[in-house]
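For reference, target-v9.cif (mmCIF, C-alpha atoms and all ligand atoms):
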data_target
loop_
_atom_site.label_atom_id
_atom_site.label_comp_id
_atom_site.auth_asym_id
_atom_site.auth_seq_id
_atom_site.Cartn_x
_atom_site.Cartn_y
_atom_site.Cartn_z
CA MET A 1 -46.12 -25.02 -6.31
CA SER A 2 -47.86 -22.71 -3.81
CA GLU A 3 -50.50 -20.19 -4.95
CA ASP A 4 -48.06 -17.41 -4.10
CA ALA A 5 -45.27 -18.78 -6.28
CA LYS A 6 -47.65 -18.86 -9.31
CA GLN A 7 -48.31 -15.12 -9.09
CA PRO A 8 -46.22 -13.08 -11.53
CA LEU A 9 -43.81 -10.92 -9.62
CA TYR A 10 -44.84 -7.28 -9.63
CA TYR A 11 -42.09 -4.61 -9.64
CA ALA A 12 -43.51 -2.55 -6.79
CA ASP A 13 -44.05 -5.62 -4.62
CA TYR A 14 -40.60 -7.02 -5.26
CA LEU A 15 -38.99 -3.74 -4.19
CA GLN A 16 -41.56 -3.09 -1.44
CA LEU A 17 -41.98 0.39 -2.83
CA ASP A 18 -44.97 1.17 -0.69
CA ARG A 19 -42.78 0.84 2.41
CA LEU A 20 -39.71 2.45 0.88
CA LEU A 21 -41.54 5.43 -0.60
CA GLY A 22 -43.78 5.77 2.41
CA ALA A 23 -40.83 6.19 4.74
CA GLN A 24 -40.20 9.93 4.31
CA ALA A 25 -41.80 11.87 7.14
CA PRO A 26 -40.45 15.44 7.38
CA GLU A 27 -40.51 16.77 10.94
CA SER A 28 -41.27 20.28 9.68
CA ALA A 29 -44.54 19.13 8.07
CA ARG A 30 -45.49 17.13 11.15
CA ARG A 31 -45.08 20.29 13.22
CA GLY A 32 -47.17 22.34 10.82
CA SER A 33 -44.47 24.45 9.08
CA PRO A 34 -43.31 22.44 6.03
CA ALA A 35 -39.75 23.19 4.89
CA HIS A 36 -39.33 22.21 1.23
CA ASP A 37 -35.69 21.05 1.52
CA GLU A 38 -36.24 18.62 4.36
CA MET A 39 -37.38 16.00 1.82
CA LEU A 40 -33.97 16.20 0.12
CA PHE A 41 -32.23 15.96 3.50
CA ILE A 42 -34.16 12.81 4.38
CA ILE A 43 -33.78 11.14 0.99
CA VAL A 44 -30.03 11.73 0.85
CA HIS A 45 -29.62 10.22 4.33
CA GLN A 46 -31.81 7.26 3.45
CA ALA A 47 -29.88 6.65 0.22
CA TYR A 48 -26.70 6.64 2.33
CA GLU A 49 -28.14 4.09 4.70
CA LEU A 50 -29.13 1.81 1.80
CA TRP A 51 -25.61 1.94 0.43
CA PHE A 52 -24.20 1.36 3.93
CA LYS A 53 -26.30 -1.80 4.00
CA GLN A 54 -24.72 -2.96 0.73
CA ILE A 55 -21.22 -2.19 2.05
CA LEU A 56 -21.90 -4.29 5.16
CA HIS A 57 -23.18 -7.07 2.90
CA GLU A 58 -19.87 -7.04 1.00
CA LEU A 59 -17.84 -6.90 4.22
CA ALA A 60 -19.71 -9.96 5.50
CA LEU A 61 -18.82 -11.82 2.30
CA ILE A 62 -15.16 -10.90 2.68
CA ASP A 63 -15.18 -11.95 6.31
CA GLY A 64 -16.65 -15.35 5.42
CA ILE A 65 -13.92 -15.92 2.85
CA PHE A 66 -11.14 -15.00 5.26
CA ALA A 67 -12.64 -17.14 8.01
CA ALA A 68 -11.95 -20.30 5.96
CA ASP A 69 -8.98 -22.49 6.87
CA SER A 70 -7.19 -21.95 3.60
CA LEU A 71 -7.46 -19.48 0.76
CA ASP A 72 -6.62 -19.87 -2.89
CA ASP A 73 -6.35 -17.37 -5.75
CA ARG A 74 -10.05 -17.63 -6.54
CA ASP A 75 -10.88 -16.57 -2.97
CA ILE A 76 -8.54 -13.61 -3.18
CA GLY A 77 -10.17 -12.70 -6.50
CA ARG A 78 -13.58 -12.63 -4.80
CA VAL A 79 -12.23 -10.47 -1.98
CA VAL A 80 -10.73 -8.08 -4.53
CA ALA A 81 -14.04 -7.88 -6.42
CA ALA A 82 -15.98 -7.09 -3.23
CA LEU A 83 -13.45 -4.46 -2.16
CA GLU A 84 -13.67 -2.87 -5.60
CA ARG A 85 -17.42 -2.67 -5.22
CA ILE A 86 -17.16 -1.05 -1.78
CA GLU A 87 -14.66 1.43 -3.13
CA ARG A 88 -17.01 2.45 -5.96
CA ILE A 89 -19.94 2.82 -3.57
CA LEU A 90 -17.87 5.08 -1.33
CA LYS A 91 -17.00 7.28 -4.31
CA LEU A 92 -20.68 7.51 -5.16
CA LEU A 93 -21.42 8.52 -1.57
CA ILE A 94 -18.97 11.40 -1.80
CA GLY A 95 -20.77 12.54 -4.97
CA GLN A 96 -24.12 12.58 -3.15
CA LEU A 97 -22.92 15.46 -1.01
CA ASP A 98 -22.98 17.62 -4.17
CA VAL A 99 -26.73 17.04 -4.36
CA LEU A 100 -27.21 17.87 -0.69
CA GLU A 101 -25.25 21.08 -1.12
CA THR A 102 -27.91 22.43 -3.48
CA MET A 103 -29.67 23.13 -0.16
CA THR A 104 -28.38 26.46 1.15
CA PRO A 105 -27.44 27.03 4.81
CA LEU A 106 -30.47 29.30 5.15
CA ASP A 107 -32.78 26.58 3.79
CA PHE A 108 -31.24 24.15 6.29
CA LEU A 109 -31.99 26.55 9.13
CA GLU A 110 -35.69 26.22 8.27
CA PHE A 111 -35.74 22.81 9.93
CA ARG A 112 -32.33 22.19 11.59
CA ASP A 113 -33.49 22.98 15.11
CA LEU A 114 -36.14 20.27 14.83
CA LEU A 115 -33.43 17.61 14.47
CA PHE A 116 -31.73 17.90 17.90
CA PRO A 117 -30.29 15.67 19.30
CA SER A 118 -30.31 13.29 16.32
CA SER A 119 -27.31 13.23 14.00
CA GLY A 120 -25.40 11.04 11.53
CA PHE A 121 -23.25 10.47 14.61
CA GLN A 122 -25.92 7.95 15.59
CA SER A 123 -25.76 5.96 12.35
CA LEU A 124 -25.34 2.38 13.54
CA GLN A 125 -24.52 1.13 10.06
CA PHE A 126 -21.75 3.71 9.65
CA ARG A 127 -20.26 2.62 13.00
CA LEU A 128 -20.53 -1.02 11.91
CA ILE A 129 -18.62 -0.21 8.72
CA GLU A 130 -15.88 1.62 10.64
CA THR A 131 -15.66 -1.22 13.16
CA GLY A 132 -15.79 -3.86 10.45
CA LEU A 133 -12.89 -2.22 8.65
CA GLY A 134 -10.89 -2.10 11.86
CA LEU A 135 -11.38 1.24 13.58
CA ARG A 136 -11.04 0.46 17.30
CA ARG A 137 -12.84 2.07 20.22
CA GLY A 138 -9.51 3.39 21.55
CA ASP A 139 -8.76 5.11 18.22
CA ARG A 140 -11.81 7.32 18.56
CA ILE A 141 -11.95 10.94 19.69
CA GLY A 142 -14.01 11.52 22.80
CA PHE A 143 -15.86 14.83 22.79
CA GLU A 144 -17.40 14.40 26.18
CA ALA A 145 -16.82 12.24 29.23
CA ARG A 146 -19.25 9.57 27.99
CA PRO A 147 -18.22 6.69 25.70
CA PHE A 148 -18.69 7.41 21.99
CA ASP A 149 -21.62 5.01 21.67
CA ALA A 150 -23.56 6.49 24.59
CA ARG A 151 -25.74 8.36 22.07
CA LEU A 152 -26.93 5.15 20.44
CA SER A 153 -30.09 3.38 21.58
CA GLU A 154 -29.49 0.43 23.89
CA ALA A 155 -30.32 -2.08 21.13
CA ASP A 156 -27.97 -0.40 18.64
CA ARG A 157 -25.21 -0.18 21.24
CA ALA A 158 -25.49 -3.91 21.89
CA LYS A 159 -25.20 -4.64 18.14
CA LEU A 160 -22.15 -2.43 17.83
CA GLN A 161 -20.46 -3.98 20.85
CA ALA A 162 -21.12 -7.46 19.47
CA ALA A 163 -19.45 -6.37 16.20
CA GLU A 164 -16.47 -5.04 18.15
CA ARG A 165 -15.88 -8.53 19.51
CA GLN A 166 -15.63 -10.01 15.99
CA PRO A 167 -12.42 -9.96 13.91
CA SER A 168 -12.28 -6.86 11.71
CA LEU A 169 -11.05 -6.69 8.13
CA SER A 170 -7.78 -5.33 9.49
CA ASP A 171 -7.44 -8.41 11.77
CA ARG A 172 -8.26 -10.74 8.87
CA ILE A 173 -5.70 -9.05 6.61
CA GLU A 174 -3.04 -9.29 9.29
CA ALA A 175 -3.68 -13.03 9.78
CA TRP A 176 -3.72 -13.59 6.01
CA LEU A 177 -0.43 -11.74 5.55
CA GLU A 178 1.16 -13.68 8.40
CA ARG A 179 0.36 -16.89 6.54
CA THR A 180 1.95 -15.73 3.26
CA PRO A 181 4.21 -18.47 1.98
CA PHE A 182 7.39 -17.63 0.05
CA VAL A 183 8.69 -15.06 2.57
CA GLU A 184 10.70 -17.92 4.02
CA LEU A 185 10.92 -20.99 1.86
CA GLY A 186 13.65 -23.63 1.70
CA GLY A 187 16.90 -21.77 2.22
CA TYR A 188 15.40 -18.42 1.16
CA ARG A 189 14.90 -15.68 3.75
CA PHE A 190 13.31 -12.54 2.28
CA GLN A 191 14.41 -10.63 5.34
CA GLU A 192 18.10 -11.35 4.76
CA SER A 193 18.10 -10.73 1.04
CA TYR A 194 16.17 -7.46 1.46
CA ARG A 195 18.53 -6.26 4.15
CA ALA A 196 21.59 -6.96 1.99
CA ALA A 197 19.98 -5.07 -0.93
CA VAL A 198 19.17 -2.04 1.23
CA THR A 199 22.66 -1.96 2.73
CA GLY A 200 24.15 -2.09 -0.77
CA MET A 201 21.82 0.64 -2.04
CA LEU A 202 22.58 3.00 0.87
CA ALA A 203 26.34 2.36 0.49
CA ARG A 204 26.11 3.24 -3.22
CA ASP A 205 24.15 6.40 -2.39
CA ALA A 206 26.80 7.38 0.19
CA ALA A 207 29.59 6.78 -2.37
CA THR A 208 27.74 8.90 -4.96
CA LEU A 209 27.34 11.70 -2.41
CA GLY A 210 30.99 11.48 -1.38
CA GLY A 211 32.20 11.61 -4.99
CA ASN A 212 29.99 14.51 -6.09
CA GLU A 213 32.40 17.41 -6.46
CA ASP A 214 29.64 19.89 -7.29
CA LEU A 215 28.27 19.59 -3.75
CA GLY A 216 29.45 21.95 -1.01
CA GLU A 217 30.58 20.54 2.35
CA ALA A 218 27.32 21.51 4.09
CA ALA A 219 25.15 19.84 1.42
CA ARG A 220 27.33 16.71 1.55
CA ARG A 221 27.00 16.51 5.33
CA ALA A 222 23.22 17.04 5.13
CA GLY A 223 22.98 14.29 2.51
CA LEU A 224 24.97 11.84 4.64
CA ALA A 225 22.86 12.67 7.69
CA GLY A 226 19.76 11.90 5.59
CA LEU A 227 21.22 8.53 4.64
CA ALA A 228 22.05 7.75 8.28
CA ALA A 229 18.43 8.55 9.21
CA ALA A 230 17.21 6.25 6.42
CA GLN A 231 19.50 3.52 7.74
CA ALA A 232 18.00 3.92 11.24
CA ARG A 233 14.46 3.63 9.83
CA PHE A 234 15.41 0.46 8.00
CA GLU A 235 17.07 -0.99 11.12
CA ALA A 236 13.72 -0.81 12.91
CA ILE A 237 12.01 -2.76 10.18
CA TYR A 238 14.62 -5.55 10.25
CA ASP A 239 14.35 -6.05 13.96
CA GLU A 240 11.29 -7.84 15.32
CA LYS A 241 11.86 -6.65 18.89
CA ARG A 242 12.26 -3.02 17.86
CA HIS A 243 9.12 -3.39 15.77
CA ALA A 244 7.18 -4.70 18.78
CA GLU A 245 8.27 -1.60 20.72
CA GLN A 246 7.08 0.59 17.88
CA VAL A 247 3.72 -1.19 17.86
CA ALA A 248 3.41 -0.44 21.58
CA GLU A 249 4.24 3.23 20.84
CA GLY A 250 1.48 3.29 18.22
CA ALA A 251 3.83 3.77 15.27
CA TRP A 252 2.72 0.52 13.59
CA ARG A 253 -0.37 -1.61 13.83
CA LEU A 254 0.47 -4.70 11.77
CA SER A 255 2.63 -7.41 13.30
CA TRP A 256 6.23 -7.72 12.15
CA ARG A 257 5.50 -10.90 10.21
CA ALA A 258 2.53 -9.33 8.43
CA LEU A 259 4.57 -6.25 7.59
CA GLN A 260 7.38 -8.36 6.08
CA ALA A 261 4.83 -10.15 3.91
CA ALA A 262 3.26 -6.88 2.78
CA LEU A 263 6.71 -5.57 1.88
CA PHE A 264 7.56 -8.77 0.02
CA ILE A 265 4.28 -8.68 -1.94
CA THR A 266 4.78 -5.02 -2.83
CA LEU A 267 8.39 -5.43 -3.92
CA TYR A 268 7.84 -8.62 -5.94
CA ARG A 269 4.37 -7.78 -7.21
CA ASP A 270 5.36 -8.57 -10.82
CA GLU A 271 5.45 -12.29 -9.97
CA PRO A 272 2.16 -13.73 -11.26
CA VAL A 273 1.24 -15.31 -7.94
CA LEU A 274 1.64 -12.00 -6.13
CA GLN A 275 -0.38 -9.85 -8.51
CA LEU A 276 -3.75 -10.46 -6.86
CA PRO A 277 -2.39 -10.05 -3.31
CA PHE A 278 -0.79 -6.80 -4.46
CA ARG A 279 -4.12 -5.66 -5.96
CA LEU A 280 -5.75 -6.47 -2.63
CA LEU A 281 -3.25 -4.37 -0.66
CA SER A 282 -3.67 -1.48 -3.12
CA LEU A 283 -7.45 -1.64 -2.72
CA LEU A 284 -7.14 -1.44 1.06
CA MET A 285 -5.21 1.78 0.58
CA ASP A 286 -7.84 3.04 -1.88
CA LEU A 287 -10.49 2.28 0.70
CA ASP A 288 -8.65 4.11 3.46
CA GLU A 289 -8.10 7.06 1.15
CA THR A 290 -11.73 7.21 0.00
CA MET A 291 -13.09 6.95 3.56
CA THR A 292 -10.79 9.81 4.52
CA ALA A 293 -11.87 11.80 1.46
CA TRP A 294 -15.51 11.27 2.49
CA ARG A 295 -14.76 12.44 6.02
CA TYR A 296 -13.04 15.63 4.79
CA ARG A 297 -15.76 16.35 2.26
CA HIS A 298 -18.46 15.86 4.88
CA ALA A 299 -16.54 18.06 7.37
CA LEU A 300 -16.34 20.84 4.77
CA MET A 301 -20.01 20.51 3.96
CA ALA A 302 -20.88 20.65 7.65
CA GLN A 303 -18.79 23.83 7.99
CA ARG A 304 -20.52 25.36 4.98
CA MET A 305 -23.94 24.54 6.40
CA ILE A 306 -23.47 25.41 10.07
CA GLY A 307 -20.21 27.40 10.25
CA MET A 308 -18.77 27.09 13.75
CA LYS A 309 -22.00 26.04 15.46
CA LEU A 310 -22.12 22.84 17.51
CA GLY A 311 -23.42 19.73 15.71
CA THR A 312 -26.95 18.50 16.37
CA GLY A 313 -25.30 15.45 17.95
CA GLY A 314 -23.44 17.70 20.43
CA SER A 315 -19.88 17.69 19.04
CA SER A 316 -17.82 20.77 18.23
CA GLY A 317 -19.04 20.27 14.65
CA HIS A 318 -16.49 20.99 11.93
CA ASP A 319 -13.45 20.77 14.24
CA TYR A 320 -14.46 17.33 15.50
CA LEU A 321 -15.14 16.07 11.98
CA ALA A 322 -11.84 17.43 10.61
CA GLU A 323 -9.92 15.78 13.46
CA ALA A 324 -11.70 12.47 12.79
CA ALA A 325 -10.73 12.77 9.11
CA ARG A 326 -7.10 13.26 10.09
CA ARG A 327 -6.97 10.45 12.64
CA TYR A 328 -9.34 7.67 11.63
CA ARG A 329 -7.09 5.60 9.39
CA VAL A 330 -7.10 1.81 9.44
CA PHE A 331 -4.56 0.78 6.83
CA GLY A 332 -2.01 3.52 7.46
CA ASP A 333 0.78 0.90 7.76
CA LEU A 334 0.44 0.07 4.09
CA PHE A 335 1.03 3.72 3.23
CA ALA A 336 4.02 3.90 5.59
CA LEU A 337 5.56 0.89 3.85
CA SER A 338 6.40 3.07 0.83
CA THR A 339 9.22 4.52 2.95
CA PHE A 340 10.90 1.12 2.73
CA LEU A 341 10.56 0.38 -0.96
CA ILE A 342 13.69 0.08 -3.01
CA PRO A 343 13.89 0.55 -6.79
CA ARG A 344 13.42 -2.51 -9.01
CA SER A 345 17.05 -2.12 -10.14
CA ALA A 346 18.27 -2.69 -6.55
CA LEU A 347 15.93 -5.60 -5.87
CA PRO A 348 17.64 -8.99 -5.57
CA PRO A 349 16.22 -11.51 -8.04
CA LEU A 350 14.33 -14.34 -6.38
CA PRO A 351 16.20 -17.66 -6.37
CA GLU A 352 15.12 -19.90 -9.25
CA PRO A 353 13.60 -22.73 -7.12
CA LEU A 354 11.38 -20.16 -5.40
CA ARG A 355 10.34 -18.54 -8.69
CA SER A 356 9.34 -21.85 -10.15
CA VAL A 357 7.18 -22.61 -7.10
CA MET A 358 5.59 -19.17 -7.38
CA GLY A 359 5.06 -18.70 -11.07
CA TYR A 360 3.78 -20.31 -14.17
CA ARG A 361 5.33 -19.94 -17.60
CA TYR A 362 3.65 -19.95 -20.97
CA ALA A 363 5.58 -22.26 -23.25
CA GLY A 364 7.01 -20.66 -26.41
CA ARG A 365 5.52 -21.54 -29.84
CA THR A 366 6.82 -24.74 -31.34
C1 LIG A 401 -26.72 19.41 6.18
C2 LIG A 401 -26.01 18.32 6.12
C3 LIG A 401 -25.15 17.80 7.23
C4 LIG A 401 -24.58 18.45 8.27
C5 LIG A 401 -24.64 19.95 8.60
C6 LIG A 401 -23.87 17.47 9.07
C7 LIG A 401 -23.18 17.74 10.24
C8 LIG A 401 -22.58 16.80 11.04
C9 LIG A 401 -21.91 17.10 12.27
C10 LIG A 401 -21.70 18.48 12.87
C11 LIG A 401 -21.47 15.91 12.78
C12 LIG A 401 -20.69 15.70 14.08
C13 LIG A 401 -21.56 15.07 15.12
C14 LIG A 401 -22.58 16.02 15.67
O1 LIG A 401 -22.23 16.82 16.55
O2 LIG A 401 -23.71 15.98 15.19
C15 LIG A 401 -21.85 14.88 11.86
C16 LIG A 401 -21.54 13.56 12.01
C17 LIG A 401 -21.83 12.61 11.09
N1 LIG A 401 -22.60 12.77 9.96
FE1 LIG A 401 -23.27 14.49 9.20
N2 LIG A 401 -24.02 16.24 8.48
C18 LIG A 401 -24.78 16.40 7.36
C19 LIG A 401 -25.16 15.40 6.48
C20 LIG A 401 -24.81 14.08 6.58
C21 LIG A 401 -25.16 13.04 5.66
C22 LIG A 401 -25.97 13.20 4.37
C23 LIG A 401 -24.68 11.88 6.14
C24 LIG A 401 -24.86 10.54 5.53
C25 LIG A 401 -25.22 9.51 6.24
C26 LIG A 401 -23.98 12.18 7.38
C27 LIG A 401 -23.33 11.26 8.17
C28 LIG A 401 -22.65 11.56 9.33
C29 LIG A 401 -21.91 10.59 10.07
C30 LIG A 401 -21.71 9.12 9.70
C31 LIG A 401 -21.39 11.24 11.16
C32 LIG A 401 -20.46 10.66 12.24
C33 LIG A 401 -19.03 11.01 11.82
C34 LIG A 401 -17.98 10.66 12.86
O3 LIG A 401 -18.28 10.52 14.05
O4 LIG A 401 -16.81 10.53 12.45
N3 LIG A 401 -24.08 13.52 7.60
N4 LIG A 401 -22.54 15.45 10.80
#
Now, as a test, write the supplied structure out as structure tokens.
Amino acid sequence: MSEDAKQPLYYADYLQLDRLLGAQAPESARRGSPAHDEMLFIIVHQAYELWFKQILHELALIDGIFAADSLDDRDIGRVVAALERIERILKLLIGQLDVLETMTPLDFLEFRDLLFPSSGFQSLQFRLIETGLGLRRGDRIGFEARPFDARLSEADRAKLQAAERQPSLSDRIEAWLERTPFVELGGYRFQESYRAAVTGMLARDAATLGGNEDLGEAARRAGLAGLAAAQARFEAIYDEKRHAEQVAEGAWRLSWRALQAALFITLYRDEPVLQLPFRLLSLLMDLDETMTAWRYRHALMAQRMIGMKLGTGGSSGHDYLAEAARRYRVFGDLFALSTFLIPRSALPPLPEPLRSVMGYRYAGRT
């Protein structure tokens, strides 16, 4: 055993507290006019960056799991656990803005001008998280003629561009969904059975509308037009070619195969084997929602602090942030799928051979 290994571990050494707690250097003090609240501003940002590091650590774990040739339930369980952790961290990060808002706009003005041109806009780790989740360069809003990463240092830009060349979580999820068994197995075609169920459901709805004597002619016609529109939406999801056109138009991101699998998992989520995959899809939506909630909350805070002024990073400030909150969604397809859900009562039961491949049964008491 080395001399070093015999030493009892000391708390401050283990956590490298001298470095961590020595890393707050307010600009205002350095320039001879200390502003009390700058310490809070620095500590909140640093706490964010530490949590960003943890999120990236979890994303790397998830990526490693998905990179394997085959996945079993245990792997999906580990992915779900990591996504749950990321989701909780993101919620915590939203809460931290409450602490920062104890600083008033006037207090912020004491040191804001010293920050130009630095900004959270230059957070490499935040960009790595966005990219890792699946936000693409082309999805981003440009607020000047230069590319969005022009404000990063050369070294950071190289790291970000390397990350852009790797598969994102969105890519991994798409590939995983495309490999979902059960959607077509033996003689079973989910696509066909789903289509028959939808056609039956819409025909029943049309008959109910037609037979409703309490409805006036105008309301009946509006109802039937609504059903025809629903039918047209469903047609697009049955048809792989039409779907490919819609992907090109930007209406969908996931491939047709992946979308069918996501629909299948969502509709038949009560089957034991689909419960974890369903949990995974739900968590991706939670993640998208919480990222968006953070973006809105941060945009509102920025507006409260600086009103309509430009950001220190050079954007239009609140307007840019609000637009990013509206647009930067990665798993929007999973939300859009809800349009195509049908009630459990209209769902065709799975054929018995398929159910027995998919499920397990607890034997009754003897
Ligand atoms: C007084 C508090 C804050 C104000 C007034 C503020 C303001 C802004 C503004 C105006 C932008 C747009 C870019 C620019 O022109 O600078 C921005 C971007 C950003 N800020 Fe903040 N911010 C604050 C605190 C924070 C904190 C605590 C974090 C945590 C790390 C943060 C993270 C970010 C990130 C990641 C971006 C890039 C967002 C994107 O491009 O979608 N900000 N901030």
*Tell me, in Å to one decimal, how far CA of Asp139 in chain A is from CA of Arg327 in chain A.*
7.9 Å
Hey, could you pull the box centre and edge lengths for ligand LIG 401 (chain A), axis-aligned, 5 Å padding per side, all listed atoms, to one decimal in Å, as JSON?
{"center_x": -21.8, "center_y": 14.5, "center_z": 10.5, "size_x": 19.9, "size_y": 20.8, "size_z": 22.2}
*asked:* Please determine, counting only C-alpha atoms, which residue among A:Phe234, A:Tyr10, A:Phe108, A:Phe340 has the shortest atom-to-atom distance to Met39 in chain A.
replied: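 For Met39 in chain A, the nearest of the candidates is A:Phe108.
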Contacts between ligand LIG 401 (chain A) and chain A, please, where a residue of chain A counts if it comes within 6 Å (with all atoms listed in the file); show its shortest atom pair and distance in Å to one decimal, rows by chain and ascending number, as a Markdown table.
| residue | atom | partner | partner_atom | distance |
| --- | --- | --- | --- | --- |
| A:Val44 | CA | A:LIG401 | C22 | 5.6 |
| A:His45 | CA | A:LIG401 | C22 | 4.7 |
| A:Tyr48 | CA | A:LIG401 | C25 | 5.1 |
| A:Ser119 | CA | A:LIG401 | O2 | 4.7 |
| A:Gly120 | CA | A:LIG401 | C28 | 3.6 |
| A:Phe121 | CA | A:LIG401 | C32 | 3.7 |
| A:Ser123 | CA | A:LIG401 | C30 | 5.8 |
| A:Phe126 | CA | A:LIG401 | C30 | 5.4 |
| A:Ala302 | CA | A:LIG401 | C5 | 3.9 |
| A:Met305 | CA | A:LIG401 | C5 | 5.1 |
| A:Ile306 | CA | A:LIG401 | C5 | 5.8 |
| A:Gly311 | CA | A:LIG401 | O1 | 3.3 |
| A:Thr312 | CA | A:LIG401 | O2 | 4.3 |
| A:Gly313 | CA | A:LIG401 | O2 | 3.2 |
| A:Gly314 | CA | A:LIG401 | O1 | 4.2 |
| A:Ser315 | CA | A:LIG401 | O1 | 3.5 |
| A:Gly317 | CA | A:LIG401 | C10 | 3.7 |
| A:His318 | CA | A:LIG401 | C10 | 5.9 |
| A:Leu321 | CA | A:LIG401 | O4 | 5.8 |
| A:Ala324 | CA | A:LIG401 | O4 | 5.5 |
Expected answer as a CSV table (one decimal) with C-alpha atoms, keeping the file's coordinate frame: all residues with atoms within 12 Å of (-11.7, 7.6, 1.5), all atoms listed in the file:
chain,number,residue,atom,x,y,z
A,86,ILE,CA,-17.2,-1.0,-1.8
A,87,GLU,CA,-14.7,1.4,-3.1
A,88,ARG,CA,-17.0,2.4,-6.0
A,89,ILE,CA,-19.9,2.8,-3.6
A,90,LEU,CA,-17.9,5.1,-1.3
A,91,LYS,CA,-17.0,7.3,-4.3
A,92,LEU,CA,-20.7,7.5,-5.2
A,93,LEU,CA,-21.4,8.5,-1.6
A,94,ILE,CA,-19.0,11.4,-1.8
A,130,GLU,CA,-15.9,1.6,10.6
A,283,LEU,CA,-7.4,-1.6,-2.7
A,284,LEU,CA,-7.1,-1.4,1.1
A,285,MET,CA,-5.2,1.8,0.6
A,286,ASP,CA,-7.8,3.0,-1.9
A,287,LEU,CA,-10.5,2.3,0.7
A,288,ASP,CA,-8.6,4.1,3.5
A,289,GLU,CA,-8.1,7.1,1.2
A,290,THR,CA,-11.7,7.2,0.0
A,291,MET,CA,-13.1,7.0,3.6
A,292,THR,CA,-10.8,9.8,4.5
A,293,ALA,CA,-11.9,11.8,1.5
A,294,TRP,CA,-15.5,11.3,2.5
A,295,ARG,CA,-14.8,12.4,6.0
A,296,TYR,CA,-13.0,15.6,4.8
A,297,ARG,CA,-15.8,16.4,2.3
A,298,HIS,CA,-18.5,15.9,4.9
A,325,ALA,CA,-10.7,12.8,9.1
A,326,ARG,CA,-7.1,13.3,10.1
A,328,TYR,CA,-9.3,7.7,11.6
A,329,ARG,CA,-7.1,5.6,9.4
A,330,VAL,CA,-7.1,1.8,9.4
A,331,PHE,CA,-4.6,0.8,6.8
Between range 130-162 of chain A and range 52-69 of chain A, at 12 Å or less, what are the per-residue closest atom pairs and their distances in Å? Count all atoms listed in the file, order by chain and rising residue number, and return it as JSON lines.
{"residue": "A:Glu130", "atom": "CA", "partner": "A:Leu56", "partner_atom": "CA", "distance": 10.1}
{"residue": "A:Thr131", "atom": "CA", "partner": "A:Leu56", "partner_atom": "CA", "distance": 10.6}
{"residue": "A:Gly132", "atom": "CA", "partner": "A:Leu59", "partner_atom": "CA", "distance": 7.2}
{"residue": "A:Leu133", "atom": "CA", "partner": "A:Leu59", "partner_atom": "CA", "distance": 8.1}
{"residue": "A:Gly134", "atom": "CA", "partner": "A:Leu59", "partner_atom": "CA", "distance": 11.4}
Kindly export the residues of the current selection with C-alpha atoms, as an mmCIF file, in the frame of the given file.
data_model
loop_
_atom_site.group_PDB
_atom_site.id
_atom_site.type_symbol
_atom_site.label_atom_id
_atom_site.label_comp_id
_atom_site.auth_asym_id
_atom_site.auth_seq_id
_atom_site.Cartn_x
_atom_site.Cartn_y
_atom_site.Cartn_z
ATOM 1 C CA GLU A 130 -15.880 1.620 10.640
ATOM 2 C CA THR A 131 -15.660 -1.220 13.160
ATOM 3 C CA GLY A 132 -15.790 -3.860 10.450
ATOM 4 C CA LEU A 133 -12.890 -2.220 8.650
ATOM 5 C CA GLY A 134 -10.890 -2.100 11.860
#
*Distance query range 156-167 of chain A at most 8 Å, only C-alpha atoms, self and fewer than 6 positions along chain excluded, as a ChimeraX atom specification*: /A:124,127-128,131-132,136,149-150
*Separation of CA of Met103 in chain A from CA of Asp37 in chain A in Å*: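 Atom-to-atom, CA of Asp37 in chain A to CA of Met103 in chain A, that is 6.6 Å.
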*Looking at A:Ala35, A:Val198, A:Leu334, A:Ala23, which one is nearest to Glu174 in chain A, with distances taken over all atoms listed in the file?*
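Closest to Glu174 in chain A of all the choices is A:Leu334.
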*asked:* Ranking A:Leu280, A:Leu215, A:Leu300, A:Ala29 by minimum distance to Gly77 in chain A and counting only C-alpha atoms, which one comes first?
replied: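 Checking each candidate against Gly77 in chain A, we get A:Leu280 as the closest.
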*Can you tell me, as an MDAnalysis selection string, what residues are no more than 12 Å from Asp205 in chain A when counting all atoms listed in the file, ignoring any on the same chain fewer than 6 positions away?*
chainID A and resid 198:199 211:212 220 223:228 230:231 346
*Nearest residue to Ser33 in chain A from the set A:Lys6, A:Arg78, A:Leu114, A:Arg257 (distances using all atoms listed in the file)*: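 With all atoms listed in the file as the atom set, the closest residue is A:Leu114.
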*Do a neighbour search on Phe190 in chain A at 9 Å with only C-alpha atoms, toss out local chain neighbours closer than 4 positions, and write the hits as a ChimeraX atom specification.*
/A:182-185,194-195,260-261,264,350
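For the residues A:Gly142, A:Arg279, A:Asp270, A:Ala336, ranking by smallest atom-to-atom distance to Glu84 in chain A using all atoms listed in the file places A:Arg279 first.
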Quick one: everything within 7 Å of Ile76 in chain A, counting only C-alpha atoms, minus sequence neighbours fewer than 4 positions away in the same chain. Send it as an mmCIF file with C-alpha atoms, in the coordinates of the input.
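As written to disk, around_36.cif reads:
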data_model
loop_
_atom_site.group_PDB
_atom_site.id
_atom_site.type_symbol
_atom_site.label_atom_id
_atom_site.label_comp_id
_atom_site.auth_asym_id
_atom_site.auth_seq_id
_atom_site.Cartn_x
_atom_site.Cartn_y
_atom_site.Cartn_z
ATOM 1 C CA ASP A 72 -6.620 -19.870 -2.890
ATOM 2 C CA VAL A 80 -10.730 -8.080 -4.530
ATOM 3 C CA LEU A 276 -3.750 -10.460 -6.860
#
